[in-house]
>>> print(open('protein-v9.tsv').read())   # TSV, C-alpha atoms
chain	number	residue	atom	x	y	z
G	298	MET	CA	30.05	-12.71	19.12
G	299	THR	CA	28.75	-9.95	21.38
G	300	PRO	CA	25.41	-8.53	20.27
G	301	THR	CA	25.66	-4.84	19.38
G	302	ARG	CA	23.38	-2.45	21.22
G	303	LEU	CA	20.90	-0.56	19.10
G	304	ASP	CA	21.71	3.11	18.71
G	305	LEU	CA	18.42	4.76	19.70
G	306	SER	CA	19.56	8.12	18.37
G	307	ALA	CA	19.89	6.72	14.84
G	308	ASP	CA	17.58	8.42	12.38
G	309	ASP	CA	14.80	6.59	10.56
G	310	SER	CA	16.85	6.00	7.39
G	311	ALA	CA	19.64	4.32	9.35
G	312	LEU	CA	17.14	2.14	11.20
G	313	VAL	CA	15.43	1.18	7.93
G	314	LEU	CA	18.80	0.10	6.53
G	315	MET	CA	19.53	-1.98	9.63
G	316	ALA	CA	16.04	-3.52	9.56
G	317	ARG	CA	16.51	-4.45	5.91
G	318	ASN	CA	19.66	-6.31	6.88
G	319	GLY	CA	17.69	-8.39	9.34
G	320	ASP	CA	18.00	-6.28	12.50
G	321	ARG	CA	14.59	-6.76	14.09
G	322	ASP	CA	15.42	-4.51	17.02
G	323	ALA	CA	15.90	-1.65	14.55
G	324	PHE	CA	12.44	-2.26	13.19
G	325	GLY	CA	11.13	-2.47	16.76
G	326	GLU	CA	12.48	1.03	17.34
G	327	LEU	CA	10.73	2.27	14.18
G	328	VAL	CA	7.50	0.72	15.48
G	329	ARG	CA	7.88	2.51	18.82
G	330	ARG	CA	8.49	5.82	17.09
G	331	HIS	CA	5.65	5.70	14.61
G	332	GLN	CA	2.95	3.36	15.84
G	333	ARG	CA	0.94	6.07	17.57
G	334	ARG	CA	0.73	8.13	14.40
G	335	VAL	CA	-0.18	5.02	12.39
G	336	TRP	CA	-2.88	4.19	14.92
G	337	MET	CA	-4.26	7.75	14.81
G	338	VAL	CA	-4.40	7.61	11.01
G	339	CYS	CA	-6.23	4.25	11.10
G	340	ARG	CA	-8.55	5.64	13.76
G	341	GLN	CA	-9.80	8.23	11.25
G	342	TYR	CA	-11.08	5.48	8.96
G	343	VAL	CA	-12.26	2.77	11.34
G	344	GLY	CA	-13.65	2.55	14.85
G	345	ALA	CA	-11.57	2.17	17.99
G	346	ASP	CA	-12.04	-1.60	18.08
G	347	GLU	CA	-10.66	-2.05	14.59
G	348	ALA	CA	-7.88	0.54	14.78
G	349	ASP	CA	-5.51	-1.62	16.86
G	350	ALA	CA	-5.63	-4.53	14.42
G	351	VAL	CA	-5.41	-2.37	11.29
G	352	ALA	CA	-2.46	-0.46	12.71
G	353	GLN	CA	-0.72	-3.77	13.41
G	354	ASP	CA	-1.44	-4.97	9.88
G	355	SER	CA	-0.01	-1.74	8.48
G	356	LEU	CA	3.25	-2.06	10.39
G	357	VAL	CA	3.69	-5.75	9.51
G	358	LYS	CA	3.05	-4.83	5.88
G	359	ALA	CA	5.66	-2.09	6.14
G	360	PHE	CA	8.22	-4.61	7.44
G	361	THR	CA	7.62	-7.03	4.58
G	362	SER	CA	7.82	-4.16	2.07
G	363	LEU	CA	10.94	-2.47	3.43
G	364	ASP	CA	12.83	-3.24	0.21
G	365	SER	CA	10.40	-1.06	-1.72
G	366	PHE	CA	11.09	1.99	0.48
G	367	ASP	CA	13.32	4.10	-1.76
G	368	GLY	CA	13.86	7.00	0.62
G	369	ARG	CA	12.37	9.63	-1.69
G	370	ALA	CA	9.71	10.41	0.91
G	371	ALA	CA	10.22	10.40	4.66
G	372	PHE	CA	9.73	6.99	6.29
G	373	ASN	CA	6.83	8.45	8.27
G	374	THR	CA	5.06	9.55	5.08
G	375	TRP	CA	5.62	6.17	3.42
G	376	LEU	CA	4.26	4.43	6.51
G	377	THR	CA	1.21	6.70	6.63
G	378	ARG	CA	0.44	5.83	3.05
G	379	ILE	CA	0.56	2.13	3.85
G	380	ALA	CA	-1.79	2.73	6.81
G	381	ILE	CA	-4.29	4.64	4.65
G	382	ASN	CA	-4.22	1.95	1.95
G	383	THR	CA	-4.65	-0.81	4.53
G	384	CYS	CA	-7.72	0.96	5.93
G	385	LEU	CA	-9.23	1.58	2.50
G	386	ASP	CA	-8.59	-2.06	1.52
G	387	LEU	CA	-10.38	-3.24	4.65
G	388	ILE	CA	-13.36	-0.94	4.01
G	389	ARG	CA	-13.62	-2.08	0.38
G	390	ARG	CA	-13.34	-5.74	1.35
G	391	ARG	CA	-16.03	-5.41	4.02
G	392	LYS	CA	-18.35	-3.66	1.58
G	393	ARG	CA	-17.76	-6.36	-1.03
G	394	GLU	CA	-18.62	-9.04	1.54
G	395	GLY	CA	-21.72	-7.10	2.55
G	396	LEU	CA	-20.37	-6.51	6.08
G	397	ARG	CA	-20.68	-3.29	8.02
G	398	VAL	CA	-17.56	-1.25	8.79
G	399	VAL	CA	-17.39	0.39	12.21
G	400	THR	CA	-16.50	4.00	11.47
G	401	PRO	CA	-15.30	6.76	13.82
G	402	GLU	CA	-18.89	8.09	13.87
G	403	ASP	CA	-20.01	4.90	15.57
G	404	ASP	CA	-17.85	5.59	18.61
G	405	GLY	CA	-20.33	7.90	20.35
G	406	GLU	CA	-21.08	5.37	23.03
G	407	PHE	CA	-17.41	4.91	23.94
G	408	GLU	CA	-16.91	8.66	24.24
G	409	ALA	CA	-20.04	9.00	26.38
G	410	ILE	CA	-18.51	6.69	28.98
G	411	ALA	CA	-15.46	8.94	29.23
G	412	GLN	CA	-17.70	11.98	29.59
G	413	VAL	CA	-19.36	10.78	32.80
G	414	ALA	CA	-16.18	11.43	34.78
G	415	ASP	CA	-15.64	14.80	33.09
G	416	ASP	CA	-19.14	16.01	33.91
G	417	GLU	CA	-18.51	15.71	37.62
G	418	ILE	CA	-15.82	18.43	37.45
G	419	ASP	CA	-17.73	21.27	35.72
G	420	PRO	CA	-21.19	20.01	34.82
G	421	GLU	CA	-22.41	23.10	32.95
G	422	GLY	CA	-19.24	23.81	31.04
G	423	ARG	CA	-18.78	20.17	30.14
G	424	SER	CA	-22.35	19.92	28.94
G	425	ILE	CA	-21.88	22.79	26.48
G	426	GLN	CA	-18.60	21.34	25.31
G	427	ARG	CA	-20.18	17.92	24.90
G	428	GLN	CA	-22.97	19.38	22.79
G	429	ALA	CA	-20.40	21.07	20.59
G	430	VAL	CA	-18.35	17.88	20.21
G	431	ASP	CA	-21.46	15.84	19.42
G	432	ARG	CA	-22.47	18.43	16.86
G	433	LEU	CA	-18.98	18.41	15.37
G	434	ARG	CA	-19.18	14.64	15.00
G	435	GLU	CA	-22.55	14.87	13.27
G	436	CYS	CA	-21.35	17.62	10.94
G	437	GLU	CA	-18.19	15.70	10.11
G	438	ALA	CA	-20.29	12.72	9.10
G	439	ASN	CA	-22.17	14.93	6.65
G	440	LEU	CA	-19.05	16.31	4.97
G	441	PRO	CA	-18.18	15.04	1.50
G	442	GLU	CA	-15.91	12.01	1.88
G	443	ARG	CA	-12.68	13.64	0.70
G	444	GLN	CA	-13.23	16.74	2.87
G	445	ARG	CA	-13.92	14.58	5.92
G	446	GLU	CA	-10.85	12.46	5.28
G	447	ILE	CA	-8.56	15.48	4.93
G	448	PHE	CA	-10.07	17.27	7.93
G	449	ARG	CA	-9.53	14.25	10.14
G	450	LEU	CA	-5.99	13.58	8.99
G	451	ARG	CA	-5.12	17.23	9.60
G	452	PHE	CA	-6.71	17.74	13.01
G	453	TYR	CA	-6.90	14.32	14.64
G	454	ALA	CA	-3.93	12.50	13.13
G	455	GLU	CA	-2.05	15.84	13.26
G	456	MET	CA	-0.52	15.47	9.82
G	457	ASP	CA	0.78	18.52	8.00
G	458	LEU	CA	-0.51	19.51	4.57
G	459	ASP	CA	2.40	18.00	2.62
G	460	GLU	CA	2.09	14.70	4.45
G	461	ILE	CA	-1.63	14.53	3.70
G	462	ALA	CA	-0.98	15.30	0.03
G	463	ALA	CA	1.66	12.57	-0.17
G	464	GLY	CA	-0.49	10.11	1.78
G	465	LEU	CA	-3.50	10.58	-0.47
G	466	SER	CA	-1.51	11.11	-3.70
G	467	VAL	CA	-3.10	14.49	-4.36
G	468	HIS	CA	-1.71	17.97	-4.92
G	469	VAL	CA	-1.13	20.05	-1.81
G	470	GLY	CA	-3.41	22.74	-3.33
G	471	THR	CA	-6.25	20.22	-3.31
G	472	VAL	CA	-5.62	19.54	0.37
G	473	LYS	CA	-5.76	23.26	1.17
G	474	THR	CA	-8.97	23.79	-0.78
G	475	GLN	CA	-10.74	20.80	0.71
G	476	LEU	CA	-9.59	21.66	4.20
G	477	HIS	CA	-10.77	25.25	3.88
G	478	ARG	CA	-14.19	24.09	2.67
G	479	ALA	CA	-14.47	21.55	5.47
G	480	VAL	CA	-13.57	24.03	8.21
G	481	HIS	CA	-15.85	26.68	6.70
G	482	ARG	CA	-18.78	24.29	6.75
G	483	LEU	CA	-18.07	23.00	10.24
G	484	ARG	CA	-17.68	26.51	11.67
G	485	ARG	CA	-20.97	27.51	10.13
G	486	GLU	CA	-22.73	24.48	11.57
G	487	LEU	CA	-21.14	24.83	15.00
G	488	GLY	CA	-22.15	28.49	15.11
G	489	ASP	CA	-25.67	27.30	15.89
G	490	VAL	CA	-24.49	25.68	19.09
G	491	ARG	CA	-21.91	28.11	20.43
P	140	MET	CA	-5.51	49.77	10.34
P	141	LYS	CA	-7.19	46.49	9.46
P	142	THR	CA	-10.73	45.76	10.67
P	143	HIS	CA	-11.60	42.31	12.07
P	144	LEU	CA	-10.76	39.28	9.99
P	145	THR	CA	-13.38	38.09	7.53
P	146	SER	CA	-15.08	34.75	8.04
P	147	ASP	CA	-12.88	33.30	5.30
P	148	GLU	CA	-9.74	34.49	7.05
P	149	ILE	CA	-10.87	33.06	10.37
P	150	THR	CA	-11.61	29.79	8.58
P	151	ALA	CA	-8.22	29.79	6.87
P	152	ASN	CA	-6.45	30.38	10.14
P	153	ALA	CA	-8.49	27.73	11.92
P	154	ALA	CA	-7.61	25.33	9.11
P	155	GLY	CA	-3.94	26.03	9.70
P	156	LEU	CA	-3.47	27.83	6.37
P	157	GLU	CA	-1.23	30.85	5.92
P	158	LEU	CA	-2.68	34.36	6.34
P	159	ASP	CA	-1.23	37.46	4.70
P	160	PRO	CA	1.12	39.42	7.00
P	161	VAL	CA	-1.41	42.21	7.73
P	162	SER	CA	-4.14	39.76	8.80
P	163	LYS	CA	-1.61	37.78	10.76
P	164	LYS	CA	-0.53	40.89	12.63
P	165	HIS	CA	-4.16	41.80	13.34
P	166	LEU	CA	-4.90	38.35	14.71
P	167	GLU	CA	-2.00	38.61	17.11
P	168	ASN	CA	-3.47	41.74	18.66
P	169	CYS	CA	-7.23	41.17	18.37
P	170	VAL	CA	-8.93	39.24	21.18
P	171	VAL	CA	-12.24	39.04	19.28
P	172	CYS	CA	-10.71	37.33	16.22
P	173	ARG	CA	-8.46	35.13	18.32
P	174	THR	CA	-11.47	33.95	20.34
P	175	LYS	CA	-13.31	32.93	17.16
P	176	VAL	CA	-10.38	30.79	16.08
P	177	ALA	CA	-9.84	29.44	19.59
P	178	ASP	CA	-13.51	28.43	19.96
P	179	PHE	CA	-13.29	26.19	16.93
P	180	GLU	CA	-9.91	24.81	17.93
P	181	ALA	CA	-11.18	23.96	21.40
P	182	VAL	CA	-14.03	21.79	20.10
P	183	VAL	CA	-11.77	20.01	17.66
P	184	GLU	CA	-9.14	19.45	20.34
P	185	GLU	CA	-11.79	18.05	22.68
P	186	ARG	CA	-12.89	15.55	20.05
P	187	ARG	CA	-9.30	14.59	19.34
P	188	SER	CA	-8.48	14.01	22.99
P	189	ARG	CA	-11.55	11.79	23.36
P	190	MET	CA	-10.29	9.68	20.48
P	191	CYS	CA	-7.02	9.31	22.35
P	192	ASN	CA	-8.90	7.72	25.26
P	193	ASP	CA	-9.12	4.61	23.09
P	194	GLU	CA	-5.37	4.36	22.58
P	195	PRO	CA	-4.01	0.87	23.18
P	196	ASP	CA	-1.19	-0.08	25.55
P	197	TRP	CA	1.73	0.76	23.28
P	198	GLU	CA	4.18	-1.71	24.79
P	199	ALA	CA	1.69	-4.55	24.32
P	200	GLN	CA	0.92	-3.32	20.81
P	201	THR	CA	4.66	-3.32	19.97
P	202	ARG	CA	5.01	-6.89	21.22
P	203	LEU	CA	2.04	-8.03	19.13
P	204	ILE	CA	3.51	-6.43	16.02
P	205	MET	CA	6.97	-7.89	16.58
P	206	ASP	CA	5.47	-11.36	17.16
P	207	ARG	CA	3.66	-11.11	13.84
P	208	LEU	CA	6.75	-10.27	11.78
P	209	PRO	CA	7.71	-13.09	9.42
P	210	ALA	CA	10.76	-15.13	10.40
P	211	GLU	CA	14.12	-14.14	8.91
P	212	SER	CA	14.26	-17.31	6.80
P	213	GLU	CA	10.97	-16.34	5.14
P	214	THR	CA	12.32	-12.89	4.47
P	215	LEU	CA	15.52	-14.35	2.99
P	216	GLY	CA	13.46	-16.65	0.79
P	217	ARG	CA	11.55	-13.64	-0.42
P	218	HIS	CA	14.77	-11.76	-1.18
P	219	ARG	CA	16.18	-14.76	-3.04
P	220	SER	CA	13.13	-15.21	-5.22
P	221	ARG	CA	13.32	-11.51	-6.03
P	222	TRP	CA	16.62	-11.91	-7.95
P	223	LEU	CA	16.14	-15.55	-8.92
P	224	ARG	CA	13.13	-14.79	-11.09
P	225	PRO	CA	14.82	-12.25	-13.37
P	226	LEU	CA	17.86	-14.55	-13.60
P	227	LEU	CA	15.69	-17.45	-14.76
P	228	ALA	CA	13.97	-15.16	-17.25
P	229	VAL	CA	17.32	-14.14	-18.74
P	230	ALA	CA	18.43	-17.79	-18.96
P	231	ALA	CA	15.17	-18.77	-20.68
P	232	ALA	CA	15.56	-15.90	-23.14
P	233	ALA	CA	19.12	-17.02	-23.98
P	234	VAL	CA	17.98	-20.62	-24.60
P	235	MET	CA	15.19	-19.38	-26.87
P	236	ALA	CA	17.55	-17.15	-28.82
P	237	VAL	CA	19.93	-20.06	-29.50
P	238	GLY	CA	17.02	-22.31	-30.49
P	239	LEU	CA	15.62	-19.73	-32.89
P	240	GLY	CA	19.05	-19.42	-34.53
P	241	PHE	CA	18.93	-23.10	-35.51
P	242	LEU	CA	15.38	-22.83	-36.78
P	243	GLN	CA	16.29	-20.10	-39.27
P	244	PRO	CA	15.94	-21.28	-43.00
P	245	GLY	CA	19.65	-21.02	-43.75
P	246	GLY	CA	20.70	-22.53	-40.44
P	247	PRO	CA	23.71	-21.09	-38.76
P	248	ALA	CA	25.42	-18.79	-41.26
P	249	GLU	CA	29.10	-19.76	-40.85
P	250	PRO	CA	30.55	-23.06	-39.58
P	251	PRO	CA	32.98	-22.61	-36.75
P	252	ALA	CA	36.58	-22.24	-37.93
P	253	SER	CA	37.71	-25.41	-36.12
P	254	GLN	CA	35.44	-27.68	-38.23
P	255	PRO	CA	36.80	-29.11	-41.58
P	256	SER	CA	35.24	-27.86	-44.81
P	257	VAL	CA	33.16	-30.10	-47.12
P	258	GLU	CA	36.06	-30.46	-49.62
P	259	GLU	CA	38.39	-31.66	-46.89
P	260	ILE	CA	35.87	-34.28	-45.75
P	261	LEU	CA	35.35	-35.60	-49.35
P	262	ALA	CA	39.11	-35.81	-49.93
P	263	GLU	CA	39.56	-37.76	-46.72
P	264	MET	CA	36.80	-40.18	-47.74
P	265	ASP	CA	38.43	-40.76	-51.19
P	266	GLU	CA	41.70	-41.53	-49.50
P	267	LEU	CA	40.05	-44.00	-47.16
P	268	LEU	CA	38.19	-45.79	-49.98
P	269	SER	CA	41.32	-46.13	-52.10
P	270	ASP	CA	43.29	-47.76	-49.30
P	271	ASP	CA	42.78	-51.52	-49.69
P	272	SER	CA	44.74	-52.33	-46.62
P	273	ILE	CA	41.99	-51.04	-44.43
P	274	PRO	CA	39.98	-53.95	-42.96
P	275	GLY	CA	36.80	-54.48	-44.93
P	276	PHE	CA	38.37	-53.26	-48.19
P	277	GLU	CA	40.96	-56.03	-48.72
P	278	ILE	CA	40.75	-58.20	-51.85
P	279	ILE	CA	38.67	-61.27	-51.04
P	280	ASP	CA	39.67	-63.36	-54.13
P	281	PRO	CA	42.85	-62.45	-56.15
P	282	GLU	CA	41.26	-64.04	-59.22
P	283	LEU	CA	38.68	-61.38	-59.24
P	284	ASP	CA	41.40	-59.09	-60.52
P	285	ASP	CA	41.28	-61.04	-63.81
P	286	LEU	CA	37.62	-60.29	-64.21
P	287	GLU	CA	38.47	-56.82	-65.26
P	288	THR	CA	40.74	-58.16	-68.06
P	289	PHE	CA	38.13	-60.74	-68.93
P	290	PHE	CA	35.43	-58.17	-69.51
P	291	GLU	CA	37.82	-55.87	-71.37
P	292	ASN	CA	39.07	-58.55	-73.78
P	293	GLY	CA	35.93	-60.63	-73.98
P	294	ALA	CA	35.42	-64.20	-72.79
P	295	SER	CA	37.79	-66.68	-74.32
>>> encode(input="protein-v9.tsv", output="structure tokens")
Amino acid sequence: MTPTRLDLSADDSALVLMARNGDRDAFGELVRRHQRRVWMVCRQYVGADEADAVAQDSLVKAFTSLDSFDGRAAFNTWLTRIAINTCLDLIRRRKREGLRVVTPEDDGEFEAIAQVADDEIDPEGRSIQRQAVDRLRECEANLPERQREIFRLRFYAEMDLDEIAAGLSVHVGTVKTQLHRAVHRLRRELGDVR
Amino acid sequence: MKTHLTSDEITANAAGLELDPVSKKHLENCVVCRTKVADFEAVVEERRSRMCNDEPDWEAQTRLIMDRLPAESETLGRHRSRWLRPLLAVAAAAVMAVGLGFLQPGGPAEPPASQPSVEEILAEMDELLSDDSIPGFEIIDPELDDLETFFENGAS
């Protein structure tokens, strides 16, 4: 029997159906399409070192749970929810075991390495920008947990408001309110720098 | 004509929330307000792009994920157990229901129509007992027949 070539233009629902029927290439295509978003979501909860492994865990979990995907939400939204839950599970487990979780705030050193090259281009401009980014990171860390979570999912994982609401199982109005408060506070804090 | 946007409106716009049409129109034409929004967006974008510096090699990441997927046989086993469990539960429930029927005080209410009634069984037994030709019921000693007369008429 000649193997059939995977139709790369197939939409997510069609690929999910094929993957459920044992087509691993179809799931591979879903991984290629969505893994960056999954990684960016995980990156908002854990540090860079952990994000790769947690994103992998999330996608493997999605594969083994494909039967429970009922198509009511978009595949992307369903996947994001799995990624968020996987991150929260890891954080809870680490806390229970008395271990420290590397958070996105702990990544300052990694970012500093990247900044060395940038500074050579426009030292003064980059220095001001770096101060602002450092300040933003500090202010983010001081936000209430839910505000920080929503802010990061919106701006860094580039999720829209409905996706965040579905991912966190909250009303979209809650997302708007928390986001507004977070941005208001961050703008006020950053005003001191810029 | 609208004056500059309030701090709340700048915040709302920076947060990606909807503005009313008048404020929206003002923002399109006002460099001062647009700069306030853009300043915030620039810092956030800078932080986001620095996070992206840590992105893994996506092809390698895909391979790692695909290597970790459970084998098809494991998946099939999982699917099978998914419908096997409810099936076993139904079977167990049916067995229990039948068992409980026999444990009821009156037993099963009606005998099946194919089984003979009690009267039929008794009649058949009478017939069998009255048939002397059946082995085990033949007359052992013909003289014993006289015993009946003997007891009726008294010993002579």
>>> closest_residue(input="protein-v9.tsv", among="G:Leu440, G:Leu433, G:Ile447, G:Leu385", to="chain P", atoms="all atoms listed in the file")
G:Leu433
>>> interface_residues(input="protein-v9.tsv", of="chain P", to="chain G", cutoff="10 Å", atoms="all atoms listed in the file", output="ChimeraX atom specification")
/P:146-156,175-176,178-198,200-215,217-218
>>> atom_distance(input="protein-v9.tsv", atom1="atom CA of G:Asp367", atom2="atom CA of G:Gly470")
25.1 Å
>>> atom_distance(input="protein-v9.tsv", atom1="atom CA of G:Thr471", atom2="atom CA of G:Val335")
22.7 Å
>>> atom_distance(input="protein-v9.tsv", atom1="atom CA of G:Arg389", atom2="atom CA of G:His468")
23.9 Å
>>> build_atoms(input="protein-v9.tsv", residues="stretch 156-188 of chain P", atoms="N, CA and C atoms", output="PDB file, in the frame of the given file")
ATOM      1  N   LEU P 156      -4.035  27.289   7.617  1.00  0.00           N
ATOM      2  CA  LEU P 156      -3.470  27.830   6.370  1.00  0.00           C
ATOM      3  C   LEU P 156      -2.854  29.198   6.639  1.00  0.00           C
ATOM      4  N   GLU P 157      -1.968  29.588   5.744  1.00  0.00           N
ATOM      5  CA  GLU P 157      -1.230  30.850   5.920  1.00  0.00           C
ATOM      6  C   GLU P 157      -2.138  32.058   5.697  1.00  0.00           C
ATOM      7  N   LEU P 158      -1.974  33.081   6.540  1.00  0.00           N
ATOM      8  CA  LEU P 158      -2.680  34.360   6.340  1.00  0.00           C
ATOM      9  C   LEU P 158      -1.669  35.360   5.785  1.00  0.00           C
ATOM     10  N   ASP P 159      -2.171  36.427   5.151  1.00  0.00           N
ATOM     11  CA  ASP P 159      -1.230  37.460   4.700  1.00  0.00           C
ATOM     12  C   ASP P 159      -0.689  38.191   5.937  1.00  0.00           C
ATOM     13  N   PRO P 160       0.457  38.836   5.827  1.00  0.00           N
ATOM     14  CA  PRO P 160       1.120  39.420   7.000  1.00  0.00           C
ATOM     15  C   PRO P 160       0.248  40.414   7.766  1.00  0.00           C
ATOM     16  N   VAL P 161      -0.568  41.201   7.051  1.00  0.00           N
ATOM     17  CA  VAL P 161      -1.410  42.210   7.730  1.00  0.00           C
ATOM     18  C   VAL P 161      -2.460  41.508   8.609  1.00  0.00           C
ATOM     19  N   SER P 162      -3.109  40.491   8.040  1.00  0.00           N
ATOM     20  CA  SER P 162      -4.140  39.760   8.800  1.00  0.00           C
ATOM     21  C   SER P 162      -3.510  39.012   9.976  1.00  0.00           C
ATOM     22  N   LYS P 163      -2.319  38.511   9.714  1.00  0.00           N
ATOM     23  CA  LYS P 163      -1.610  37.780  10.760  1.00  0.00           C
ATOM     24  C   LYS P 163      -1.325  38.707  11.951  1.00  0.00           C
ATOM     25  N   LYS P 164      -0.876  39.897  11.604  1.00  0.00           N
ATOM     26  CA  LYS P 164      -0.530  40.890  12.630  1.00  0.00           C
ATOM     27  C   LYS P 164      -1.792  41.268  13.418  1.00  0.00           C
ATOM     28  N   HIS P 165      -2.901  41.435  12.685  1.00  0.00           N
ATOM     29  CA  HIS P 165      -4.160  41.800  13.340  1.00  0.00           C
ATOM     30  C   HIS P 165      -4.582  40.714  14.335  1.00  0.00           C
ATOM     31  N   LEU P 166      -4.468  39.489  13.873  1.00  0.00           N
ATOM     32  CA  LEU P 166      -4.900  38.350  14.710  1.00  0.00           C
ATOM     33  C   LEU P 166      -4.107  38.303  16.018  1.00  0.00           C
ATOM     34  N   GLU P 167      -2.832  38.650  15.915  1.00  0.00           N
ATOM     35  CA  GLU P 167      -2.000  38.610  17.110  1.00  0.00           C
ATOM     36  C   GLU P 167      -2.498  39.574  18.183  1.00  0.00           C
ATOM     37  N   ASN P 168      -3.086  40.694  17.712  1.00  0.00           N
ATOM     38  CA  ASN P 168      -3.470  41.740  18.660  1.00  0.00           C
ATOM     39  C   ASN P 168      -4.970  41.826  18.945  1.00  0.00           C
ATOM     40  N   CYS P 169      -5.781  41.045  18.225  1.00  0.00           N
ATOM     41  CA  CYS P 169      -7.230  41.170  18.370  1.00  0.00           C
ATOM     42  C   CYS P 169      -7.829  39.993  19.152  1.00  0.00           C
ATOM     43  N   VAL P 170      -8.360  40.286  20.326  1.00  0.00           N
ATOM     44  CA  VAL P 170      -8.930  39.240  21.180  1.00  0.00           C
ATOM     45  C   VAL P 170     -10.188  38.652  20.535  1.00  0.00           C
ATOM     46  N   VAL P 171     -10.982  39.499  19.889  1.00  0.00           N
ATOM     47  CA  VAL P 171     -12.240  39.040  19.280  1.00  0.00           C
ATOM     48  C   VAL P 171     -11.963  37.965  18.223  1.00  0.00           C
ATOM     49  N   CYS P 172     -11.036  38.281  17.311  1.00  0.00           N
ATOM     50  CA  CYS P 172     -10.710  37.330  16.220  1.00  0.00           C
ATOM     51  C   CYS P 172     -10.044  36.074  16.769  1.00  0.00           C
ATOM     52  N   ARG P 173      -9.152  36.292  17.745  1.00  0.00           N
ATOM     53  CA  ARG P 173      -8.460  35.130  18.320  1.00  0.00           C
ATOM     54  C   ARG P 173      -9.455  34.191  19.006  1.00  0.00           C
ATOM     55  N   THR P 174     -10.468  34.770  19.649  1.00  0.00           N
ATOM     56  CA  THR P 174     -11.470  33.950  20.340  1.00  0.00           C
ATOM     57  C   THR P 174     -12.252  33.094  19.341  1.00  0.00           C
ATOM     58  N   LYS P 175     -12.562  33.692  18.186  1.00  0.00           N
ATOM     59  CA  LYS P 175     -13.310  32.930  17.160  1.00  0.00           C
ATOM     60  C   LYS P 175     -12.514  31.710  16.709  1.00  0.00           C
ATOM     61  N   VAL P 176     -11.235  31.915  16.491  1.00  0.00           N
ATOM     62  CA  VAL P 176     -10.380  30.790  16.080  1.00  0.00           C
ATOM     63  C   VAL P 176     -10.262  29.786  17.220  1.00  0.00           C
ATOM     64  N   ALA P 177     -10.053  30.318  18.423  1.00  0.00           N
ATOM     65  CA  ALA P 177      -9.840  29.440  19.590  1.00  0.00           C
ATOM     66  C   ALA P 177     -11.069  28.602  19.899  1.00  0.00           C
ATOM     67  N   ASP P 178     -12.271  29.172  19.697  1.00  0.00           N
ATOM     68  CA  ASP P 178     -13.510  28.430  19.960  1.00  0.00           C
ATOM     69  C   ASP P 178     -13.563  27.154  19.117  1.00  0.00           C
ATOM     70  N   PHE P 179     -13.259  27.342  17.842  1.00  0.00           N
ATOM     71  CA  PHE P 179     -13.290  26.190  16.930  1.00  0.00           C
ATOM     72  C   PHE P 179     -12.218  25.182  17.326  1.00  0.00           C
ATOM     73  N   GLU P 180     -11.029  25.705  17.577  1.00  0.00           N
ATOM     74  CA  GLU P 180      -9.910  24.810  17.930  1.00  0.00           C
ATOM     75  C   GLU P 180     -10.203  24.013  19.201  1.00  0.00           C
ATOM     76  N   ALA P 181     -10.894  24.637  20.129  1.00  0.00           N
ATOM     77  CA  ALA P 181     -11.180  23.960  21.400  1.00  0.00           C
ATOM     78  C   ALA P 181     -12.093  22.750  21.195  1.00  0.00           C
ATOM     79  N   VAL P 182     -13.104  22.920  20.340  1.00  0.00           N
ATOM     80  CA  VAL P 182     -14.030  21.790  20.100  1.00  0.00           C
ATOM     81  C   VAL P 182     -13.304  20.648  19.395  1.00  0.00           C
ATOM     82  N   VAL P 183     -12.508  21.031  18.409  1.00  0.00           N
ATOM     83  CA  VAL P 183     -11.770  20.010  17.660  1.00  0.00           C
ATOM     84  C   VAL P 183     -10.791  19.282  18.585  1.00  0.00           C
ATOM     85  N   GLU P 184     -10.124  20.037  19.430  1.00  0.00           N
ATOM     86  CA  GLU P 184      -9.140  19.450  20.340  1.00  0.00           C
ATOM     87  C   GLU P 184      -9.832  18.500  21.333  1.00  0.00           C
ATOM     88  N   GLU P 185     -11.021  18.893  21.752  1.00  0.00           N
ATOM     89  CA  GLU P 185     -11.790  18.050  22.680  1.00  0.00           C
ATOM     90  C   GLU P 185     -12.117  16.703  22.007  1.00  0.00           C
ATOM     91  N   ARG P 186     -12.542  16.791  20.785  1.00  0.00           N
ATOM     92  CA  ARG P 186     -12.890  15.550  20.050  1.00  0.00           C
ATOM     93  C   ARG P 186     -11.647  14.679  19.862  1.00  0.00           C
ATOM     94  N   ARG P 187     -10.549  15.337  19.546  1.00  0.00           N
ATOM     95  CA  ARG P 187      -9.300  14.590  19.340  1.00  0.00           C
ATOM     96  C   ARG P 187      -8.861  13.887  20.626  1.00  0.00           C
ATOM     97  N   SER P 188      -8.953  14.610  21.741  1.00  0.00           N
ATOM     98  CA  SER P 188      -8.480  14.010  22.990  1.00  0.00           C
ATOM     99  C   SER P 188      -9.373  12.852  23.408  1.00  0.00           C
TER     100      SER P 188
END
